[in-house]
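Engineer: Please read through the structure below; I'll follow up with questions.
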Amino acid sequence: METLAHTNLKVEVNNRQILSIALPITLAILIPQVNMLTNSIFLGRLSEQALGNAGITGVFYLIFAVAGNGLNNSLQTVFSRYAGSDNSAVFKTILAQGIRISLQLAVICIAFTWLVAPFILQPVADPAAYPEEMSFLRIRIFGLPFLYLFQMGNAFLVASLNSRYLMIGFIVEALVNVLFDYLLIFGKFGFPNMGFNGAAVASVIAEFSGMCTVMLVLYGTGLKRKYGLLKNLLYDKLLSKEVLRIASPLVLQYLISVSTWLVFFLLIEKRGEAAKAISNTMRNVFGLVGVFVWAFASTSNTMVGNLMGQKREDKVVEAITKISMWSFGSCLFMCSLLNIFPGTFFRLFGQGDSFVTAAIPVVRIVSLGLLFMSIANVWLNGVTGTGKTRTNLAIEIIAITLYLGYTWYFMQFHYVSLAMAWSNEFIYWTAIFLMAFLYLRSGKWKTKSAD
């Protein structure tokens, strides 16, 4: 086994360490959210129907994207545990197992979208919108292998405390996406006028560019040589089993979580084009305001895993508490800006005053939900960092059951308003926080305790 130059990969529980991990992740996550916002802005100028359909297709693709994110987070947990125990020699093998598993998962997801999804979506989707939505998804899904490989590289960068390099790949991806959105949606400079499908092709090209860039970063920074990365993808039974043990419940948790969002959007589809379009802009609000939340949640996962590797379990709750305070403060700042200037934001989508007027009450409710999420997500990712992902799954199932019951009642039996429908986020994130908080405070996750 080759000897690696020693690098201190052990984290400390202080604000400087938290921000050194979280801020680069924040910038990295911001870029794809700007991508999605740009897609929606272009499609909004194409038509209100295209803007509404982007909500359904976006959430469907998000189901598979977050499956990869579950694998990414589990890989990050394994990386961080070994980093905390000062054993970076196995990084190359962990990454190899992650790449193998992610490519196998991508093939399954592509096959599902082409062969199974039509039988699921056609009976419940708007008949007028279904052909366009399905055509889009059959193109969009081919970006998945590139997205997964991009995520694997990013998991390594975060866990090895090199998150400052994350933004390079995301910036390239964003620029490529914006460029090809413009060229392919509207058929500029001799490119085909593909309309709605142009956004799908642009996204696939952008994800391929992101994957290539993160691989070039690993080469260009010397990290590939230092840690012996990407030399082979041979199967390692022990580490594959460890990754899958942590990943399986986490992937299932993420799939369940976003699948329920798809149910929510399908119920909204019955409320008309305006409700669909407004809800798609709410998805963009979650994306933009949530960048800090997800960055601090990822930081929680990394720091908890690292502290577990260091055998400093007594510092875990202290670390999560500090991180959740930063998450809440940053989310409050973003929500305040959005609620002071809501008209400016909603007019970006090229819709009229009636759209803006109808969207403002919804964004007020969504902002409150985001504040709940800013704390709950950090604590939930703290559970992930301990490696007790079966507990994550149990928490998710209980919270989703409450969420679906509430959503079904206020969408099907007692519909009051779109704003009331979006208040389901309070139910979900309150349940998540209470269960994650009580579990971590109980100490049952500690090394000598059973899962």
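By convention here, the chains of the structure tokens are called A, B, ... in the order presented, each chain's residues are numbered starting at 1, and ligands are numbered starting at 1 in the order presented.
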Please, which residues in stretch 182-295 of chain A fall within 12 Å of stretch 348-363 of chain A when counting only C-alpha atoms, and what is the closest atom pair and distance in Å to one decimal for each, ordered by chain then residue number, as JSON lines?
Structural biologist:
{"residue": "A:Glu273", "atom": "CA", "partner": "A:Phe355", "partner_atom": "CA", "distance": 10.7}
{"residue": "A:Ala274", "atom": "CA", "partner": "A:Phe355", "partner_atom": "CA", "distance": 7.2}
{"residue": "A:Ala275", "atom": "CA", "partner": "A:Ala359", "partner_atom": "CA", "distance": 8.8}
{"residue": "A:Lys276", "atom": "CA", "partner": "A:Ala359", "partner_atom": "CA", "distance": 11.0}
{"residue": "A:Ala277", "atom": "CA", "partner": "A:Phe355", "partner_atom": "CA", "distance": 8.7}
{"residue": "A:Ile278", "atom": "CA", "partner": "A:Ala359", "partner_atom": "CA", "distance": 5.9}
{"residue": "A:Ser279", "atom": "CA", "partner": "A:Ala359", "partner_atom": "CA", "distance": 8.5}
{"residue": "A:Asn280", "atom": "CA", "partner": "A:Phe349", "partner_atom": "CA", "distance": 10.6}
{"residue": "A:Thr281", "atom": "CA", "partner": "A:Phe349", "partner_atom": "CA", "distance": 8.3}
{"residue": "A:Met282", "atom": "CA", "partner": "A:Val363", "partner_atom": "CA", "distance": 6.9}
{"residue": "A:Arg283", "atom": "CA", "partner": "A:Val363", "partner_atom": "CA", "distance": 10.4}
{"residue": "A:Asn284", "atom": "CA", "partner": "A:Val363", "partner_atom": "CA", "distance": 10.8}
{"residue": "A:Val285", "atom": "CA", "partner": "A:Val363", "partner_atom": "CA", "distance": 7.9}
{"residue": "A:Phe286", "atom": "CA", "partner": "A:Val363", "partner_atom": "CA", "distance": 9.8}
{"residue": "A:Val289", "atom": "CA", "partner": "A:Val363", "partner_atom": "CA", "distance": 11.4}
Engineer: Take the residues that were just selected and, keeping N, CA and C atoms, output them as a JSON list (two decimals), in the first residue's frame.
Structural biologist:
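selection-v9.json, freshly written:
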[["chain", "number", "residue", "atom", "x", "y", "z"],
["A", 273, "GLU", "N", -53.50, 25.29, -14.10],
["A", 273, "GLU", "CA", -52.17, 25.70, -14.55],
["A", 273, "GLU", "C", -51.52, 26.71, -13.60],
["A", 274, "ALA", "N", -52.31, 27.65, -13.08],
["A", 274, "ALA", "CA", -51.74, 28.68, -12.21],
["A", 274, "ALA", "C", -51.18, 28.06, -10.93],
["A", 275, "ALA", "N", -51.93, 27.13, -10.34],
["A", 275, "ALA", "CA", -51.46, 26.47, -9.10],
["A", 275, "ALA", "C", -50.19, 25.67, -9.37],
["A", 276, "LYS", "N", -50.13, 25.00, -10.53],
["A", 276, "LYS", "CA", -48.92, 24.25, -10.89],
["A", 276, "LYS", "C", -47.73, 25.19, -11.06],
["A", 277, "ALA", "N", -47.94, 26.29, -11.76],
["A", 277, "ALA", "CA", -46.85, 27.24, -12.02],
["A", 277, "ALA", "C", -46.35, 27.87, -10.72],
["A", 278, "ILE", "N", -47.28, 28.27, -9.84],
["A", 278, "ILE", "CA", -46.88, 28.86, -8.55],
["A", 278, "ILE", "C", -46.10, 27.84, -7.72],
["A", 279, "SER", "N", -46.57, 26.60, -7.72],
["A", 279, "SER", "CA", -45.89, 25.56, -6.93],
["A", 279, "SER", "C", -44.50, 25.26, -7.47],
["A", 280, "ASN", "N", -44.33, 25.37, -8.80],
["A", 280, "ASN", "CA", -42.99, 25.18, -9.35],
["A", 280, "ASN", "C", -42.06, 26.29, -8.89],
["A", 281, "THR", "N", -42.57, 27.52, -8.78],
["A", 281, "THR", "CA", -41.73, 28.60, -8.26],
["A", 281, "THR", "C", -41.40, 28.37, -6.80],
["A", 282, "MET", "N", -42.31, 27.72, -6.04],
["A", 282, "MET", "CA", -42.02, 27.39, -4.64],
["A", 282, "MET", "C", -40.89, 26.38, -4.56],
["A", 283, "ARG", "N", -40.84, 25.48, -5.55],
["A", 283, "ARG", "CA", -39.72, 24.53, -5.60],
["A", 283, "ARG", "C", -38.41, 25.28, -5.78],
["A", 284, "ASN", "N", -38.44, 26.34, -6.58],
["A", 284, "ASN", "CA", -37.25, 27.17, -6.74],
["A", 284, "ASN", "C", -36.91, 27.93, -5.46],
["A", 285, "VAL", "N", -37.96, 28.34, -4.72],
["A", 285, "VAL", "CA", -37.72, 29.01, -3.43],
["A", 285, "VAL", "C", -37.02, 28.04, -2.48],
["A", 286, "PHE", "N", -37.51, 26.81, -2.41],
["A", 286, "PHE", "CA", -36.87, 25.80, -1.57],
["A", 286, "PHE", "C", -35.41, 25.61, -1.99],
["A", 289, "VAL", "N", -33.33, 29.25, -1.14],
["A", 289, "VAL", "CA", -33.19, 29.53, 0.30],
["A", 289, "VAL", "C", -32.56, 28.34, 1.00]]
Engineer: Find the residues near stretch 84-97 of chain A: any atom within 8 Å, counting only C-alpha atoms, skip ones fewer than 4 places away on the same chain, and give them as a short mmCIF file (atom, residue, chain, number, x, y, z; two decimals) with C-alpha atoms, in the first residue's frame.
Structural biologist:
data_model
loop_
_atom_site.label_atom_id
_atom_site.label_comp_id
_atom_site.auth_asym_id
_atom_site.auth_seq_id
_atom_site.Cartn_x
_atom_site.Cartn_y
_atom_site.Cartn_z
CA MET A 1 0.00 0.00 0.00
CA GLU A 2 1.42 3.35 -0.98
CA THR A 3 2.40 5.85 1.72
CA LEU A 4 0.36 9.05 1.77
CA ASN A 8 -4.65 16.30 9.48
CA LEU A 9 -8.24 15.39 8.62
CA LYS A 10 -9.60 15.59 12.18
CA VAL A 11 -12.24 18.28 12.69
CA LEU A 75 -20.21 7.62 1.15
CA VAL A 78 -17.82 6.40 5.52
CA PHE A 79 -15.11 8.78 4.24
CA SER A 80 -15.47 10.99 7.32
CA ILE A 101 -22.65 1.19 -7.00
CA MET A 152 -19.22 10.79 -5.77
CA GLY A 153 -16.34 13.16 -6.49
CA PHE A 156 -14.72 12.79 -1.43
CA TYR A 227 -4.73 9.32 -2.39
CA GLY A 228 -4.27 6.90 -5.30
CA LEU A 229 -7.80 7.53 -6.62
CA LEU A 230 -9.45 6.09 -9.76
CA LYS A 231 -6.79 3.46 -10.43
CA ASN A 232 -9.31 0.64 -10.57
CA LEU A 233 -12.93 -0.14 -9.75
CA LEU A 234 -12.34 -3.64 -8.39
CA TYR A 235 -14.93 -4.99 -6.00
CA ASP A 236 -14.06 -4.80 -2.31
CA LEU A 239 -16.11 -1.67 2.07
CA SER A 240 -18.94 -2.28 -0.41
CA VAL A 243 -21.26 1.58 2.07
CA GLY A 305 -18.87 11.14 11.19
CA ASN A 306 -15.42 12.61 11.75
CA LEU A 307 -15.98 12.97 15.53
CA MET A 308 -17.23 9.39 15.67
CA GLY A 309 -14.01 8.28 13.97
CA GLN A 310 -12.02 10.26 16.54
#
Engineer: Between atom CA of A:Asn381 and atom CA of A:Ser298, what distance in Å does the model show, to one decimal?
Structural biologist: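 Distance reported for this atom pair: 6.9 Å.
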Engineer: Which residue gives the smallest distance to A:Gly187 among A:Leu46, A:Ile63, A:Val293, A:Val317, with only C-alpha atoms counted?
Structural biologist: A:Leu46
Engineer: For A:Thr26, list every protein, DNA or RNA residue within 12 Å, evaluated using only C-alpha atoms, and leave out those in the same chain fewer than 3 positions away; present the list as a PyMOL selection string.
Structural biologist: chain A and resi 18-23+29-33+158+163-167+170+287-299+327+330-331
Engineer: Mind dumping the selected residues with N, CA and C atoms as an mmCIF file, in the first residue's frame?
Structural biologist:
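The new file out.cif reads:
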data_model
loop_
_atom_site.group_PDB
_atom_site.id
_atom_site.type_symbol
_atom_site.label_atom_id
_atom_site.label_comp_id
_atom_site.auth_asym_id
_atom_site.auth_seq_id
_atom_site.Cartn_x
_atom_site.Cartn_y
_atom_site.Cartn_z
ATOM 1 N N ILE A 18 -16.665 24.911 11.285
ATOM 2 C CA ILE A 18 -17.997 24.757 10.690
ATOM 3 C C ILE A 18 -18.095 25.553 9.394
ATOM 4 N N LEU A 19 -17.676 26.808 9.448
ATOM 5 C CA LEU A 19 -17.794 27.674 8.266
ATOM 6 C C LEU A 19 -16.827 27.260 7.164
ATOM 7 N N SER A 20 -15.659 26.748 7.545
ATOM 8 C CA SER A 20 -14.683 26.336 6.525
ATOM 9 C C SER A 20 -15.205 25.165 5.701
ATOM 10 N N ILE A 21 -16.074 24.346 6.298
ATOM 11 C CA ILE A 21 -16.693 23.242 5.562
ATOM 12 C C ILE A 21 -17.952 23.719 4.836
ATOM 13 N N ALA A 22 -18.784 24.507 5.555
ATOM 14 C CA ALA A 22 -20.119 24.847 5.046
ATOM 15 C C ALA A 22 -20.120 25.875 3.927
ATOM 16 N N LEU A 23 -19.280 26.905 4.010
ATOM 17 C CA LEU A 23 -19.378 27.992 3.026
ATOM 18 C C LEU A 23 -19.051 27.546 1.604
ATOM 19 N N ILE A 29 -23.668 24.422 -3.836
ATOM 20 C CA ILE A 29 -25.081 24.071 -3.961
ATOM 21 C C ILE A 29 -25.861 25.200 -4.628
ATOM 22 N N LEU A 30 -25.429 26.438 -4.408
ATOM 23 C CA LEU A 30 -26.136 27.591 -4.976
ATOM 24 C C LEU A 30 -26.180 27.524 -6.498
ATOM 25 N N ILE A 31 -25.085 27.048 -7.098
ATOM 26 C CA ILE A 31 -24.978 27.048 -8.555
ATOM 27 C C ILE A 31 -26.073 26.206 -9.224
ATOM 28 N N PRO A 32 -26.296 24.922 -8.820
ATOM 29 C CA PRO A 32 -27.368 24.169 -9.485
ATOM 30 C C PRO A 32 -28.759 24.745 -9.204
ATOM 31 N N GLN A 33 -28.921 25.406 -8.054
ATOM 32 C CA GLN A 33 -30.209 26.034 -7.788
ATOM 33 C C GLN A 33 -30.427 27.217 -8.734
ATOM 34 N N VAL A 158 -15.594 16.834 0.104
ATOM 35 C CA VAL A 158 -16.111 17.328 1.389
ATOM 36 C C VAL A 158 -15.476 16.569 2.551
ATOM 37 N N SER A 163 -13.458 20.996 0.488
ATOM 38 C CA SER A 163 -14.714 21.508 -0.072
ATOM 39 C C SER A 163 -14.529 22.819 -0.836
ATOM 40 N N ARG A 164 -13.371 23.479 -0.640
ATOM 41 C CA ARG A 164 -13.125 24.730 -1.376
ATOM 42 C C ARG A 164 -13.067 24.498 -2.885
ATOM 43 N N TYR A 165 -12.834 23.270 -3.309
ATOM 44 C CA TYR A 165 -12.770 22.973 -4.746
ATOM 45 C C TYR A 165 -14.131 22.663 -5.361
ATOM 46 N N LEU A 166 -15.167 22.517 -4.518
ATOM 47 C CA LEU A 166 -16.470 22.108 -5.024
ATOM 48 C C LEU A 166 -17.024 23.049 -6.082
ATOM 49 N N MET A 167 -16.856 24.345 -5.829
ATOM 50 C CA MET A 167 -17.540 25.323 -6.678
ATOM 51 C C MET A 167 -17.056 25.314 -8.125
ATOM 52 N N PHE A 170 -19.369 23.109 -10.161
ATOM 53 C CA PHE A 170 -20.715 23.662 -10.204
ATOM 54 C C PHE A 170 -20.797 24.912 -11.079
ATOM 55 N N GLY A 287 -35.189 25.612 -3.305
ATOM 56 C CA GLY A 287 -33.829 25.428 -3.796
ATOM 57 C C GLY A 287 -32.901 26.562 -3.427
ATOM 58 N N LEU A 288 -33.353 27.800 -3.649
ATOM 59 C CA LEU A 288 -32.488 28.958 -3.401
ATOM 60 C C LEU A 288 -32.251 29.215 -1.919
ATOM 61 N N VAL A 289 -33.335 29.253 -1.135
ATOM 62 C CA VAL A 289 -33.195 29.526 0.299
ATOM 63 C C VAL A 289 -32.560 28.337 1.001
ATOM 64 N N GLY A 290 -32.834 27.132 0.470
ATOM 65 C CA GLY A 290 -32.326 25.925 1.121
ATOM 66 C C GLY A 290 -30.851 25.659 0.922
ATOM 67 N N VAL A 291 -30.152 26.466 0.108
ATOM 68 C CA VAL A 291 -28.738 26.176 -0.125
ATOM 69 C C VAL A 291 -27.938 26.186 1.171
ATOM 70 N N PHE A 292 -28.235 27.144 2.045
ATOM 71 C CA PHE A 292 -27.534 27.196 3.327
ATOM 72 C C PHE A 292 -27.926 26.008 4.199
ATOM 73 N N VAL A 293 -29.210 25.678 4.183
ATOM 74 C CA VAL A 293 -29.706 24.576 5.012
ATOM 75 C C VAL A 293 -29.012 23.273 4.628
ATOM 76 N N TRP A 294 -28.956 22.975 3.326
ATOM 77 C CA TRP A 294 -28.336 21.730 2.881
ATOM 78 C C TRP A 294 -26.826 21.745 3.106
ATOM 79 N N ALA A 295 -26.222 22.913 2.984
ATOM 80 C CA ALA A 295 -24.777 23.009 3.229
ATOM 81 C C ALA A 295 -24.465 22.716 4.691
ATOM 82 N N PHE A 296 -25.231 23.304 5.599
ATOM 83 C CA PHE A 296 -24.993 23.055 7.020
ATOM 84 C C PHE A 296 -25.408 21.640 7.406
ATOM 85 N N ALA A 297 -26.426 21.091 6.738
ATOM 86 C CA ALA A 297 -26.812 19.694 6.989
ATOM 87 C C ALA A 297 -25.675 18.761 6.567
ATOM 88 N N SER A 298 -25.063 19.022 5.408
ATOM 89 C CA SER A 298 -23.926 18.229 4.942
ATOM 90 C C SER A 298 -22.744 18.371 5.895
ATOM 91 N N THR A 299 -22.559 19.583 6.428
ATOM 92 C CA THR A 299 -21.499 19.822 7.413
ATOM 93 C C THR A 299 -21.753 19.003 8.671
ATOM 94 N N SER A 327 -27.317 27.485 10.618
ATOM 95 C CA SER A 327 -28.293 27.162 9.578
ATOM 96 C C SER A 327 -29.541 28.033 9.712
ATOM 97 N N SER A 330 -28.789 31.837 8.786
ATOM 98 C CA SER A 330 -28.636 32.080 7.347
ATOM 99 C C SER A 330 -29.970 31.943 6.622
ATOM 100 N N CYS A 331 -30.786 30.972 7.047
ATOM 101 C CA CYS A 331 -32.099 30.786 6.420
ATOM 102 C C CYS A 331 -33.013 31.972 6.723
#
Engineer: From the DSSP assignment of the backbone, select every residue of stretch 33-203 of chain A that is helix (DSSP H, G or I), and format the answer as number ranges by chain.
Structural biologist: A: 33-46, 48-84, 88-115, 117-121, 130-159, 163-185, 196-203
Engineer: Name all residues at most 9 Å from A:Leu43 (count only C-alpha atoms; drop same-chain ones fewer than 3 positions away) and give them as a PyMOL selection string.
Structural biologist: chain A and resi 38-40+46-52+54+185+195-196+199+349
Engineer: Would you put the residues from that selection into a file with C-alpha atoms, as a short mmCIF file (atom, residue, chain, number, x, y, z; two decimals), in the first residue's frame?
Structural biologist:
data_model
loop_
_atom_site.label_atom_id
_atom_site.label_comp_id
_atom_site.auth_asym_id
_atom_site.auth_seq_id
_atom_site.Cartn_x
_atom_site.Cartn_y
_atom_site.Cartn_z
CA THR A 38 -32.77 29.79 -14.91
CA ASN A 39 -34.62 26.80 -16.42
CA SER A 40 -37.85 28.00 -14.84
CA LEU A 46 -42.06 30.08 -23.14
CA SER A 47 -45.53 29.57 -21.55
CA GLU A 48 -47.32 29.16 -18.21
CA GLN A 49 -48.01 25.54 -19.18
CA ALA A 50 -44.26 24.86 -19.66
CA LEU A 51 -43.54 26.46 -16.28
CA GLY A 52 -46.15 24.23 -14.62
CA ALA A 54 -41.42 21.77 -15.21
CA ILE A 185 -35.26 26.19 -25.76
CA GLY A 195 -38.91 24.19 -26.65
CA PHE A 196 -39.59 22.28 -23.42
CA ALA A 199 -34.23 22.29 -21.15
CA PHE A 349 -40.82 34.22 -14.35
#
Engineer: With distances taken over only C-alpha atoms, which of A:Trp429, A:Phe341, A:Trp445, A:Phe410 is nearest to A:Thr389?
Structural biologist: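 Once distances to A:Thr389 are computed over only C-alpha atoms, the minimum belongs to A:Trp445.
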Engineer: So what do you get for atom CA of A:Leu368 versus atom CA of A:Pro342, distance-wise?
Structural biologist: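 These atoms are spaced 14.5 Å apart.
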Engineer: Tell me which of A:Phe64, A:Lys226, A:Thr447, A:Gly382 sits closest to A:Leu137, counting only C-alpha atoms.
Structural biologist: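 Among the listed residues, the smallest separation from A:Leu137 belongs to A:Phe64.
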Engineer: Tell me, in Å to one decimal, how far atom CA of A:Glu396 is from atom CA of A:Tyr428.
Structural biologist: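 Straight-line distance from atom CA of A:Glu396 to atom CA of A:Tyr428 works out to 8.9 Å.
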Engineer: I'd like to know which of A:Ala65, A:Lys388, A:Trp379, A:Asn424 is closest to A:Arg245, using only C-alpha atoms.
Structural biologist: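 Of A:Ala65, A:Lys388, A:Trp379, A:Asn424, the one nearest A:Arg245, counting only C-alpha atoms, is A:Lys388.
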Engineer: Taking into account only C-alpha atoms, which residue in the set A:Pro127, A:Gly387, A:Gly169, A:Gly143 is nearest to A:Met215?
Structural biologist: A:Gly169
